[in-house]
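Asks: File target-v8.csv follows (CSV, C-alpha atoms and all ligand atoms):
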chain,number,residue,atom,x,y,z
R,1,ASP,CA,12.2,-17.3,19.1
R,2,LYS,CA,11.3,-17.5,15.5
R,3,ILE,CA,9.3,-14.6,14.0
R,4,LYS,CA,5.8,-15.7,13.0
R,5,VAL,CA,4.9,-14.4,9.6
R,6,ALA,CA,1.4,-14.3,8.0
R,7,LEU,CA,0.9,-13.7,4.3
R,8,ASN,CA,-2.3,-11.8,3.6
R,9,GLY,CA,-2.7,-12.0,-0.2
R,10,TYR,CA,-1.2,-14.9,-2.1
R,11,GLY,CA,-0.7,-14.1,-5.7
R,12,THR,CA,2.4,-13.3,-7.7
R,13,ILE,CA,4.3,-11.6,-4.9
R,14,GLY,CA,2.7,-13.3,-1.9
R,15,LYS,CA,3.4,-16.9,-2.9
R,16,ARG,CA,7.1,-16.0,-3.5
R,17,VAL,CA,7.4,-14.2,-0.1
R,18,ALA,CA,5.8,-17.3,1.6
R,19,ASP,CA,8.4,-19.7,0.0
R,20,ALA,CA,11.2,-17.3,0.9
R,21,VAL,CA,10.0,-17.1,4.6
R,22,MET,CA,10.1,-20.9,4.7
R,23,ARG,CA,13.8,-20.8,3.8
R,24,GLN,CA,14.7,-18.6,6.8
R,25,ASP,CA,15.8,-20.2,10.1
R,26,ASP,CA,14.7,-17.2,12.1
R,27,MET,CA,11.1,-17.1,10.7
R,28,THR,CA,8.0,-19.4,10.5
R,29,LEU,CA,5.0,-19.2,8.3
R,30,VAL,CA,1.7,-19.0,10.2
R,31,GLY,CA,-0.2,-19.3,7.0
R,32,ILE,CA,-1.5,-17.7,3.9
R,33,ALA,CA,-4.8,-16.0,3.2
R,34,LYS,CA,-6.8,-16.7,0.0
R,35,THR,CA,-10.1,-15.3,-1.2
R,36,LYS,CA,-11.0,-18.5,-3.0
R,37,PRO,CA,-9.8,-22.0,-3.9
R,38,ASP,CA,-7.7,-22.2,-7.1
R,39,TYR,CA,-4.5,-23.8,-8.4
R,40,GLU,CA,-2.4,-21.6,-6.2
R,41,ALA,CA,-4.4,-22.7,-3.1
R,42,TYR,CA,-4.0,-26.3,-4.3
R,43,VAL,CA,-0.2,-26.0,-4.4
R,44,ALA,CA,-0.1,-24.1,-1.1
R,45,ALA,CA,-2.0,-27.0,0.5
R,46,LYS,CA,0.4,-29.5,-1.1
R,47,LYS,CA,3.3,-27.5,0.5
R,48,GLY,CA,1.6,-27.9,3.8
R,49,TYR,CA,0.8,-24.2,4.3
R,50,ALA,CA,-2.1,-23.4,6.5
R,51,ILE,CA,-4.8,-21.7,4.4
R,52,TYR,CA,-7.0,-19.0,5.9
R,53,ALA,CA,-10.0,-17.5,4.1
R,54,VAL,CA,-10.1,-13.8,3.5
R,55,ASP,CA,-13.9,-13.8,3.7
R,56,PRO,CA,-15.0,-17.1,5.3
R,57,ALA,CA,-18.7,-16.5,5.1
R,58,LYS,CA,-18.3,-16.3,1.3
R,59,ALA,CA,-15.4,-18.8,0.8
R,60,GLU,CA,-15.9,-21.6,3.3
R,61,SER,CA,-18.3,-23.7,1.2
R,62,LYS,CA,-16.2,-23.2,-1.9
R,63,PHE,CA,-13.1,-24.4,-0.1
R,64,LYS,CA,-15.1,-27.4,1.3
R,65,ALA,CA,-16.3,-28.3,-2.2
R,66,ALA,CA,-12.8,-28.2,-3.5
R,67,GLY,CA,-11.6,-30.5,-0.8
R,68,LEU,CA,-9.3,-27.9,0.8
R,69,SER,CA,-9.5,-27.4,4.5
R,70,ILE,CA,-9.2,-23.9,5.8
R,71,ALA,CA,-7.7,-23.1,9.2
R,72,GLY,CA,-9.9,-20.1,9.9
R,73,SER,CA,-10.4,-16.5,8.9
R,74,ASN,CA,-7.6,-14.2,7.9
R,75,GLU,CA,-8.3,-12.2,11.0
R,76,GLU,CA,-7.5,-15.4,13.1
R,77,MET,CA,-4.3,-15.8,11.1
R,78,ILE,CA,-3.3,-12.2,11.7
R,79,LYS,CA,-3.9,-12.6,15.5
R,80,LYS,CA,-1.5,-15.5,15.6
R,81,ALA,CA,1.3,-13.6,13.7
R,82,ASP,CA,4.1,-11.3,14.9
R,83,ILE,CA,4.0,-9.5,11.5
R,84,ILE,CA,1.9,-9.6,8.3
R,85,VAL,CA,3.2,-9.3,4.8
R,86,ASP,CA,0.3,-7.8,2.8
R,87,CYS,CA,0.4,-8.8,-0.8
R,88,ALA,CA,-3.1,-8.0,-1.7
R,89,PRO,CA,-3.8,-6.2,-5.0
R,90,GLU,CA,-2.9,-2.5,-5.4
R,91,GLY,CA,-5.1,-0.4,-3.2
R,92,ILE,CA,-6.5,-3.3,-1.1
R,93,GLY,CA,-3.5,-3.0,1.3
R,94,GLU,CA,-4.7,0.4,2.4
R,95,GLU,CA,-8.1,-1.2,3.2
R,96,ASN,CA,-6.4,-4.0,5.1
R,97,LYS,CA,-4.5,-1.5,7.2
R,98,LYS,CA,-7.6,-0.9,9.3
R,99,LEU,CA,-7.5,-4.6,10.3
R,100,TYR,CA,-3.9,-4.4,11.3
R,101,GLU,CA,-4.5,-1.2,13.3
R,102,LYS,CA,-7.5,-2.8,15.0
R,103,LEU,CA,-5.4,-5.9,16.0
R,104,ASN,CA,-2.3,-3.7,16.7
R,105,LYS,CA,-0.1,-5.8,14.4
R,106,PRO,CA,2.9,-4.6,12.3
R,107,ALA,CA,2.5,-5.0,8.5
R,108,ILE,CA,4.5,-4.7,5.4
R,109,PHE,CA,2.8,-3.2,2.3
R,110,GLN,CA,3.9,-3.6,-1.3
R,111,GLY,CA,4.7,-1.0,-4.0
R,112,GLY,CA,1.1,-0.8,-5.3
R,113,GLU,CA,0.2,1.2,-2.2
R,114,GLU,CA,1.0,4.9,-1.8
R,115,HIS,CA,4.0,5.8,0.4
R,116,GLU,CA,1.6,7.5,2.8
R,117,VAL,CA,-0.2,4.3,3.7
R,118,ALA,CA,3.0,3.1,5.5
R,119,GLY,CA,4.9,6.4,6.0
R,120,THR,CA,8.2,4.6,5.5
R,121,SER,CA,9.3,3.2,2.1
R,122,PHE,CA,12.0,0.5,2.1
R,123,ASN,CA,15.0,-0.8,0.2
R,124,ALA,CA,17.4,-3.0,2.2
R,125,ALA,CA,20.7,-1.5,1.0
R,126,ALA,CA,19.5,2.1,1.0
R,127,ASN,CA,17.5,2.5,4.3
R,128,TYR,CA,17.3,-0.7,6.4
R,129,ASP,CA,17.7,1.3,9.6
R,130,GLN,CA,14.6,3.4,9.0
R,131,ALA,CA,12.4,0.3,9.2
R,132,ILE,CA,13.7,-0.8,12.6
R,133,GLY,CA,10.8,-1.0,15.1
R,134,LYS,CA,8.2,0.6,12.7
R,135,GLN,CA,4.6,-0.7,12.6
R,136,PHE,CA,4.0,-0.1,8.9
R,137,VAL,CA,6.6,-0.1,6.1
R,138,ARG,CA,6.1,-0.3,2.3
R,139,VAL,CA,8.6,-2.3,0.2
R,140,VAL,CA,8.8,-0.2,-3.0
R,141,SER,CA,7.7,-1.5,-6.4
R,142,CYS,CA,9.7,-3.8,-8.7
R,143,ASN,CA,10.9,-0.9,-10.9
R,144,THR,CA,11.7,1.4,-7.9
R,145,THR,CA,13.6,-1.5,-6.1
R,146,GLY,CA,15.7,-2.0,-9.2
R,147,LEU,CA,16.5,1.7,-9.4
R,148,CYS,CA,17.2,2.1,-5.7
R,149,ARG,CA,19.7,-0.8,-5.7
R,150,LEU,CA,21.6,0.7,-8.6
R,151,LEU,CA,21.5,4.4,-7.5
R,152,TYR,CA,22.4,3.7,-3.9
R,153,ALA,CA,25.5,1.8,-5.0
R,154,LEU,CA,26.7,4.4,-7.5
R,155,ASP,CA,25.8,7.4,-5.3
R,156,LYS,CA,27.8,5.9,-2.4
R,157,ALA,CA,30.8,5.3,-4.6
R,158,TYR,CA,30.9,8.4,-6.9
R,159,GLY,CA,28.1,10.8,-5.9
R,160,ILE,CA,25.2,11.3,-8.3
R,161,LYS,CA,24.5,14.7,-9.9
R,162,LYS,CA,21.4,13.7,-11.9
R,163,VAL,CA,19.7,10.6,-13.2
R,164,ARG,CA,17.5,10.1,-16.2
R,165,ALA,CA,16.0,6.7,-16.6
R,166,THR,CA,13.6,5.1,-19.1
R,167,MET,CA,11.6,2.1,-17.9
R,168,MET,CA,10.5,-0.2,-20.7
R,169,ARG,CA,7.9,-2.1,-18.8
R,170,ARG,CA,6.3,-5.5,-19.2
R,171,GLY,CA,2.7,-5.2,-20.2
R,172,GLY,CA,1.5,-7.7,-17.6
R,173,ASP,CA,2.7,-10.7,-15.6
R,174,PRO,CA,2.7,-14.1,-17.5
R,175,ASN,CA,-0.6,-15.3,-16.0
R,176,ASP,CA,-2.3,-11.9,-16.3
R,177,ILE,CA,-4.5,-12.2,-19.4
R,178,LYS,CA,-6.4,-8.9,-18.7
R,179,ARG,CA,-3.4,-6.6,-19.2
R,180,GLY,CA,-1.6,-5.4,-22.3
R,181,PRO,CA,-0.8,-4.1,-24.8
R,182,ILE,CA,-0.6,-7.0,-27.2
R,183,ASN,CA,0.2,-4.8,-30.2
R,184,ALA,CA,1.4,-1.4,-29.2
R,185,ILE,CA,4.0,0.7,-27.4
R,186,VAL,CA,2.2,2.7,-24.7
R,187,PRO,CA,3.7,5.8,-23.1
R,188,ASP,CA,2.5,5.4,-19.5
R,189,PRO,CA,2.1,8.0,-18.2
R,190,ILE,CA,2.1,10.4,-21.2
R,191,HIS,CA,2.5,13.3,-18.9
R,192,LEU,CA,6.2,13.5,-18.0
R,193,PRO,CA,8.1,12.8,-15.9
R,194,SER,CA,6.7,9.5,-14.6
R,195,HIS,CA,6.0,8.7,-10.9
R,196,HIS,CA,9.0,6.4,-10.7
R,197,GLY,CA,11.4,9.3,-9.9
R,198,PRO,CA,9.3,10.6,-7.0
R,199,ASP,CA,8.9,7.0,-5.8
R,200,VAL,CA,12.8,6.6,-5.7
R,201,ASN,CA,12.8,9.8,-3.6
R,202,THR,CA,10.6,8.1,-0.9
R,203,VAL,CA,13.7,5.9,-0.3
R,204,LEU,CA,16.6,8.1,-1.5
R,205,PRO,CA,15.3,11.7,-1.0
R,206,HIS,CA,18.4,13.5,-2.2
R,207,ILE,CA,18.8,11.9,-5.6
R,208,LYS,CA,17.8,14.1,-8.5
R,209,ILE,CA,16.0,11.9,-11.0
R,210,ASP,CA,13.7,12.2,-14.0
R,211,THR,CA,12.0,9.0,-15.3
R,212,VAL,CA,9.8,8.0,-18.2
R,213,ALA,CA,8.0,4.7,-18.8
R,214,VAL,CA,6.5,2.8,-21.7
R,215,LYS,CA,4.6,-0.4,-21.7
R,216,LEU,CA,5.4,-3.2,-24.1
R,217,PRO,CA,3.9,-6.4,-25.4
R,218,THR,CA,6.0,-8.7,-23.2
R,219,THR,CA,5.5,-10.5,-19.8
R,220,LEU,CA,9.0,-11.6,-18.8
R,221,MET,CA,10.8,-8.6,-17.4
R,222,HIS,CA,11.2,-4.8,-17.4
R,223,MET,CA,14.2,-3.2,-19.0
R,224,HIS,CA,15.7,0.0,-17.8
R,225,TYR,CA,17.9,2.3,-19.8
R,226,VAL,CA,19.7,4.4,-17.1
R,227,ASN,CA,21.8,7.6,-17.7
R,228,MET,CA,23.4,9.6,-15.0
R,229,ASN,CA,26.0,12.3,-14.4
R,230,LEU,CA,28.4,11.5,-11.6
R,231,ASN,CA,30.4,13.8,-9.4
R,232,LYS,CA,33.5,11.7,-10.0
R,233,THR,CA,34.8,10.3,-13.2
R,234,PRO,CA,35.4,6.5,-12.7
R,235,SER,CA,36.4,4.2,-15.5
R,236,ARG,CA,33.8,1.7,-16.7
R,237,GLU,CA,36.0,-1.0,-15.1
R,238,ASP,CA,35.7,0.9,-11.7
R,239,VAL,CA,31.9,1.1,-12.1
R,240,ILE,CA,31.7,-2.7,-12.9
R,241,ALA,CA,33.9,-3.5,-9.9
R,242,THR,CA,31.8,-1.3,-7.6
R,243,LEU,CA,28.5,-2.9,-8.8
R,244,LYS,CA,30.0,-6.4,-8.4
R,245,GLN,CA,30.3,-5.8,-4.6
R,246,TYR,CA,26.5,-6.1,-4.4
R,247,PRO,CA,25.1,-9.6,-4.6
R,248,ARG,CA,21.7,-8.2,-5.6
R,249,ILE,CA,23.2,-6.8,-8.8
R,250,TRP,CA,24.3,-9.4,-11.3
R,251,LEU,CA,26.8,-8.2,-13.9
R,252,ILE,CA,26.4,-10.2,-17.1
R,253,PRO,CA,29.7,-10.7,-19.0
R,254,PRO,CA,29.5,-11.0,-22.8
R,255,TRP,CA,30.6,-14.6,-22.9
R,256,LEU,CA,27.4,-15.7,-21.2
R,257,ASN,CA,25.7,-14.7,-24.5
R,258,ILE,CA,22.6,-13.3,-22.8
R,259,LYS,CA,21.2,-11.1,-25.5
R,260,SER,CA,17.7,-10.3,-24.2
R,261,THR,CA,15.2,-10.7,-21.3
R,262,ALA,CA,14.2,-14.0,-22.8
R,263,ASP,CA,17.8,-15.2,-22.3
R,264,VAL,CA,17.8,-13.9,-18.7
R,265,ILE,CA,14.7,-15.9,-17.9
R,266,GLU,CA,16.1,-19.0,-19.7
R,267,PHE,CA,19.2,-18.5,-17.5
R,268,GLY,CA,17.0,-18.6,-14.4
R,269,ARG,CA,15.5,-21.8,-15.7
R,270,GLU,CA,19.0,-23.3,-16.3
R,271,LEU,CA,20.1,-22.3,-12.8
R,272,GLY,CA,17.1,-24.2,-11.5
R,273,ARG,CA,15.8,-21.2,-9.8
R,274,PRO,CA,12.3,-21.6,-8.3
R,275,ARG,CA,9.8,-20.2,-10.9
R,276,ASN,CA,12.9,-19.1,-12.9
R,277,ASP,CA,13.1,-16.1,-10.6
R,278,MET,CA,16.0,-13.7,-11.2
R,279,MET,CA,15.8,-11.6,-8.1
R,280,GLU,CA,18.9,-9.6,-8.9
R,281,ASN,CA,19.2,-6.5,-11.1
R,282,VAL,CA,20.6,-8.0,-14.3
R,283,ILE,CA,23.1,-5.5,-15.8
R,284,TRP,CA,24.8,-6.1,-19.1
R,285,GLU,CA,28.5,-5.5,-18.4
R,286,GLU,CA,29.0,-4.5,-22.1
R,287,SER,CA,26.4,-1.7,-21.7
R,288,VAL,CA,28.2,0.0,-18.9
R,289,SER,CA,30.0,3.1,-20.3
R,290,VAL,CA,31.3,6.3,-18.8
R,291,ASP,CA,32.6,9.3,-20.7
R,292,LYS,CA,35.3,11.8,-19.7
R,293,GLU,CA,32.8,14.0,-17.9
R,294,GLY,CA,31.4,11.2,-15.7
R,295,GLU,CA,28.3,10.6,-17.7
R,296,LEU,CA,27.3,6.9,-17.3
R,297,ASN,CA,24.9,4.7,-19.4
R,298,LEU,CA,23.7,1.2,-18.9
R,299,PHE,CA,20.9,-1.3,-19.4
R,300,GLN,CA,19.5,-3.4,-16.6
R,301,ALA,CA,16.7,-6.0,-16.7
R,302,ILE,CA,14.4,-6.3,-13.7
R,303,HIS,CA,12.3,-9.4,-13.0
R,304,GLN,CA,9.1,-7.8,-11.8
R,305,GLU,CA,7.7,-10.9,-10.2
R,306,SER,CA,10.7,-11.6,-7.8
R,307,ASP,CA,13.1,-8.7,-7.3
R,308,VAL,CA,11.2,-7.4,-4.2
R,309,ILE,CA,11.2,-10.8,-2.5
R,310,PRO,CA,14.6,-10.5,-0.7
R,311,GLU,CA,13.7,-6.9,0.3
R,312,ASN,CA,10.5,-8.2,2.0
R,313,ILE,CA,12.6,-10.7,4.0
R,314,ASP,CA,15.0,-8.0,5.2
R,315,CYS,CA,12.1,-5.7,6.0
R,316,ILE,CA,10.6,-8.4,8.3
R,317,ARG,CA,14.0,-8.6,10.2
R,318,ALA,CA,14.2,-4.8,10.4
R,319,MET,CA,10.7,-4.1,11.6
R,320,THR,CA,10.7,-6.9,14.2
R,321,GLY,CA,14.2,-6.0,15.3
R,322,ILE,CA,15.5,-9.6,15.2
R,323,GLU,CA,18.5,-8.3,13.2
R,324,LYS,CA,19.4,-4.6,13.6
R,325,ASP,CA,22.4,-4.9,11.2
R,326,GLY,CA,21.1,-4.5,7.6
R,327,ALA,CA,24.3,-5.9,6.1
R,328,LYS,CA,23.9,-9.1,8.2
R,329,SER,CA,20.3,-9.5,7.3
R,330,MET,CA,21.0,-9.1,3.6
R,331,GLU,CA,23.9,-11.6,3.8
R,332,LYS,CA,21.6,-14.1,5.3
R,333,THR,CA,18.8,-13.5,2.8
R,334,ASN,CA,21.2,-13.6,-0.1
R,335,LYS,CA,22.6,-16.9,1.0
R,336,THR,CA,19.2,-18.6,1.8
R,337,LEU,CA,17.7,-17.4,-1.5
R,338,GLY,CA,20.8,-18.3,-3.5
R,339,LEU,CA,21.3,-14.8,-5.0
R,340,GLY,CA,24.3,-14.2,-7.3
R,341,SER,CA,24.8,-17.9,-8.0
D,401,LIG,P1,-1.9,-10.6,-7.6
D,401,LIG,O1,-3.1,-10.1,-8.1
D,401,LIG,O2,-1.0,-11.6,-8.3
D,401,LIG,O3,-2.1,-11.2,-6.1
D,401,LIG,C1,-3.0,-10.6,-5.2
D,401,LIG,C2,-3.7,-11.7,-4.4
D,401,LIG,O4,-4.4,-11.1,-3.3
D,401,LIG,C3,-4.7,-12.5,-5.2
D,401,LIG,O5,-4.5,-13.8,-4.9
D,401,LIG,C4,-6.1,-11.9,-4.7
D,401,LIG,O6,-7.1,-12.9,-4.8
D,401,LIG,C5,-5.7,-11.6,-3.2
D,401,LIG,N1,-6.7,-10.7,-2.6
D,401,LIG,C6,-7.7,-10.0,-3.1
D,401,LIG,N2,-8.3,-9.3,-2.2
D,401,LIG,C7,-7.7,-9.6,-1.0
D,401,LIG,C8,-7.9,-9.1,0.4
D,401,LIG,N3,-8.9,-8.3,0.7
D,401,LIG,N4,-7.1,-9.6,1.3
D,401,LIG,C9,-6.1,-10.5,1.0
D,401,LIG,N5,-5.9,-10.9,-0.2
D,401,LIG,C10,-6.7,-10.5,-1.2
D,401,LIG,O7,-1.0,-9.3,-7.2
D,401,LIG,P2,0.5,-9.1,-7.2
D,401,LIG,O8,1.1,-8.9,-8.5
D,401,LIG,O9,1.1,-10.1,-6.3
D,401,LIG,O10,0.6,-7.7,-6.4
D,401,LIG,C11,0.5,-7.5,-5.0
D,401,LIG,C12,1.2,-6.2,-4.6
D,401,LIG,O11,2.6,-6.2,-5.0
D,401,LIG,C13,0.6,-4.9,-5.3
D,401,LIG,O12,0.7,-3.9,-4.4
D,401,LIG,C14,1.5,-4.7,-6.5
D,401,LIG,O13,1.6,-3.4,-6.9
D,401,LIG,C15,2.8,-5.1,-5.8
D,401,LIG,N6,3.9,-5.6,-6.8
D,401,LIG,C16,3.6,-6.3,-7.9
D,401,LIG,C17,4.6,-6.7,-8.7
D,401,LIG,C18,4.3,-7.5,-10.0
D,401,LIG,O14,5.0,-7.3,-11.0
D,401,LIG,N7,3.4,-8.4,-10.0
D,401,LIG,C19,5.9,-6.3,-8.5
D,401,LIG,C20,6.2,-5.6,-7.3
D,401,LIG,C21,5.2,-5.2,-6.5
Represent the structure contained in this file as structure tokens.
Ligand code: NAD

Replies:
Amino acid sequence: DKIKVALNGYGTIGKRVADAVMRQDDMTLVGIAKTKPDYEAYVAAKKGYAIYAVDPAKAESKFKAAGLSIAGSNEEMIKKADIIVDCAPEGIGEENKKLYEKLNKPAIFQGGEEHEVAGTSFNAAANYDQAIGKQFVRVVSCNTTGLCRLLYALDKAYGIKKVRATMMRRGGDPNDIKRGPINAIVPDPIHLPSHHGPDVNTVLPHIKIDTVAVKLPTTLMHMHYVNMNLNKTPSREDVIATLKQYPRIWLIPPWLNIKSTADVIEFGRELGRPRNDMMENVIWEESVSVDKEGELNLFQAIHQESDVIPENIDCIRAMTGIEKDGAKSMEKTNKTLGLGS
């Protein structure tokens, strides 16, 4: 039987997870929950998704006036589902947890929630097995997902002594007019190190890592500068070959002439990706360097709007137990979402 998935929260992350669920042959979409009618609700209706209202008492007349029919309340949607993917704004997931507990339903939270809300934090390559059979799991944030993919691969191959990473973060998502900066570089947080290191440790507890982050006037992607000391001393070619084994890591050769995050997103457009999504870590092959003492440096670009989408799909399979082999789940997700091609 197909797993029935409900999307509670349908914004940047939620709408992408919904579309990704639709591409899986072992899942169906029960519906999506919206607080109010808007252009995203309009498109969801066009796609044939059942729309449920987060607060029907407030929203019903608005949906009616917009000519959009609603299938019921989000509570009714949740009752029909085998699992809920909560993509509500940061902090609201914790509120929604009470509803999932009341209805005794499993739910996936996103990186805006604290680790403690779920008790298990997830990255498919790093700890798929830990999510099997759990009621609550959190898919870590976009930055943490990007770091976990990279660090898991390199730690497995060479052993990591210590990581230092600088996150150059997008100020806001493209449709997010309330965030910034528009004319500054903002150390965020100023107090060092940043929370990203401890967040990596919720998935990979044994990795020694210090992180810092700044926010920049851009909306397209994050960029990470990553430095680490390895236990072994591979050549840069070895490292590139290791990373190429992971379809969620895309090594960009110099001849592609991708010089910036703007080119990465343009590449997504050229590939015909939905919403120009680049769900892979995008690593510049030319930036990969290793010295004689096993110190490695590289640049990777992370598409904040989409890199967590494949991880949410794998998390659904792990929690419901429909696929207990993480490698098989990832292979299926990679193929259905067209990763690495
Ligand atoms: P968003 O603001 O784009 O979307 C959230 C949606 O939830 C909105 O449509 C909002 O109306 C709706 N909503 C509000 N209250 C709700 C409620 N009580 N129940 C259900 N829905 C409700 O937010 P987003 O960027 O998609 O972020 C969602 C989560 O994903 C956050 O935890 C965030 O930290 C995390 N995340 C975001 C990004 C990113 O770059 N945007 C990347 C990775 C993880």

Asks: Between atom CA of Glu286 of chain R and atom CA of Pro253 of chain R, what is the spacing in Å?

Replies: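 These atoms are spaced 7.0 Å apart.
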
Asks: Set the cut-off to 6 Å, count all atoms listed in the file, and list whatever residues fall near ligand LIG 401 (chain D) as a PDB file with C-alpha atoms, keeping the file's coordinate frame.

Replies:
ATOM      1  CA  ASN R   8      -2.300 -11.800   3.600  1.00  0.00           C
ATOM      2  CA  GLY R   9      -2.700 -12.000  -0.200  1.00  0.00           C
ATOM      3  CA  TYR R  10      -1.200 -14.900  -2.100  1.00  0.00           C
ATOM      4  CA  GLY R  11      -0.700 -14.100  -5.700  1.00  0.00           C
ATOM      5  CA  THR R  12       2.400 -13.300  -7.700  1.00  0.00           C
ATOM      6  CA  ILE R  13       4.300 -11.600  -4.900  1.00  0.00           C
ATOM      7  CA  GLY R  14       2.700 -13.300  -1.900  1.00  0.00           C
ATOM      8  CA  LYS R  34      -6.800 -16.700   0.000  1.00  0.00           C
ATOM      9  CA  THR R  35     -10.100 -15.300  -1.200  1.00  0.00           C
ATOM     10  CA  VAL R  54     -10.100 -13.800   3.500  1.00  0.00           C
ATOM     11  CA  CYS R  87       0.400  -8.800  -0.800  1.00  0.00           C
ATOM     12  CA  ALA R  88      -3.100  -8.000  -1.700  1.00  0.00           C
ATOM     13  CA  PRO R  89      -3.800  -6.200  -5.000  1.00  0.00           C
ATOM     14  CA  GLU R  90      -2.900  -2.500  -5.400  1.00  0.00           C
ATOM     15  CA  ILE R  92      -6.500  -3.300  -1.100  1.00  0.00           C
ATOM     16  CA  GLN R 110       3.900  -3.600  -1.300  1.00  0.00           C
ATOM     17  CA  GLY R 111       4.700  -1.000  -4.000  1.00  0.00           C
ATOM     18  CA  GLY R 112       1.100  -0.800  -5.300  1.00  0.00           C
ATOM     19  CA  GLU R 113       0.200   1.200  -2.200  1.00  0.00           C
ATOM     20  CA  SER R 141       7.700  -1.500  -6.400  1.00  0.00           C
ATOM     21  CA  CYS R 142       9.700  -3.800  -8.700  1.00  0.00           C
ATOM     22  CA  GLN R 304       9.100  -7.800 -11.800  1.00  0.00           C
ATOM     23  CA  GLU R 305       7.700 -10.900 -10.200  1.00  0.00           C
TER      24      GLU R 305
END

Asks: Please provide as a ChimeraX atom specification all residues within 7 Å of Val30 of chain R, with the sequence filter that same-chain residues fewer than 4 positions apart are discarded (counting all atoms listed in the file).

Replies: /R:4-6,50,77,81

Asks: Write a file of the just-selected residues containing C-alpha atoms, as a PDB file, in the frame of the given file.

Replies:
ATOM      1  CA  LYS R   4       5.800 -15.700  13.000  1.00  0.00           C
ATOM      2  CA  VAL R   5       4.900 -14.400   9.600  1.00  0.00           C
ATOM      3  CA  ALA R   6       1.400 -14.300   8.000  1.00  0.00           C
ATOM      4  CA  ALA R  50      -2.100 -23.400   6.500  1.00  0.00           C
ATOM      5  CA  MET R  77      -4.300 -15.800  11.100  1.00  0.00           C
ATOM      6  CA  ALA R  81       1.300 -13.600  13.700  1.00  0.00           C
TER       7      ALA R  81
END

Asks: What are the closest atom pairs, with distances in Å to one decimal, for each residue of segment 188-257 of chain R lying within 7 Å of segment 261-282 of chain R, using all atoms listed in the file, rows by chain and rising residue number, as a tab-separated table?

Replies:
residue	atom	partner	partner_atom	distance
R:Leu220	CA	R:Thr261	CA	6.7
R:Met221	CA	R:Thr261	CA	6.2
R:Arg248	CA	R:Glu280	CA	4.5
R:Ile249	CA	R:Asn281	CA	4.6
R:Trp250	CA	R:Val282	CA	5.0
R:Leu251	CA	R:Val282	CA	6.2
R:Ile252	CA	R:Val282	CA	6.8

Asks: For each of R:Ile283, R:Ile51, R:Ala118, R:Ile190, take the minimum atom-to-atom distance to Asn297 of chain R, counting only C-alpha atoms, then give the residue where this is smallest.

Replies: R:Ile283

Asks: Take atom CA of Arg317 of chain R and atom CA of Val21 of chain R and report the distance between them in Å, one decimal.

Replies: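 Computing the Euclidean distance for atom CA of Arg317 of chain R and atom CA of Val21 of chain R yields 10.9 Å.
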
Asks: So which one's closest to Ala157 of chain R, R:Leu230, R:Ile132, R:Ala71, R:Ile207? Using all atoms listed in the file, please.

Replies: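 For Ala157 of chain R, the nearest of the candidates is R:Leu230.
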
Asks: Kindly give the distance, in Å, that separates atom CA of Glu237 of chain R and atom CA of Arg164 of chain R, rounded to a single decimal.

Replies: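 Atom CA of Arg164 of chain R lies 21.6 Å from atom CA of Glu237 of chain R.
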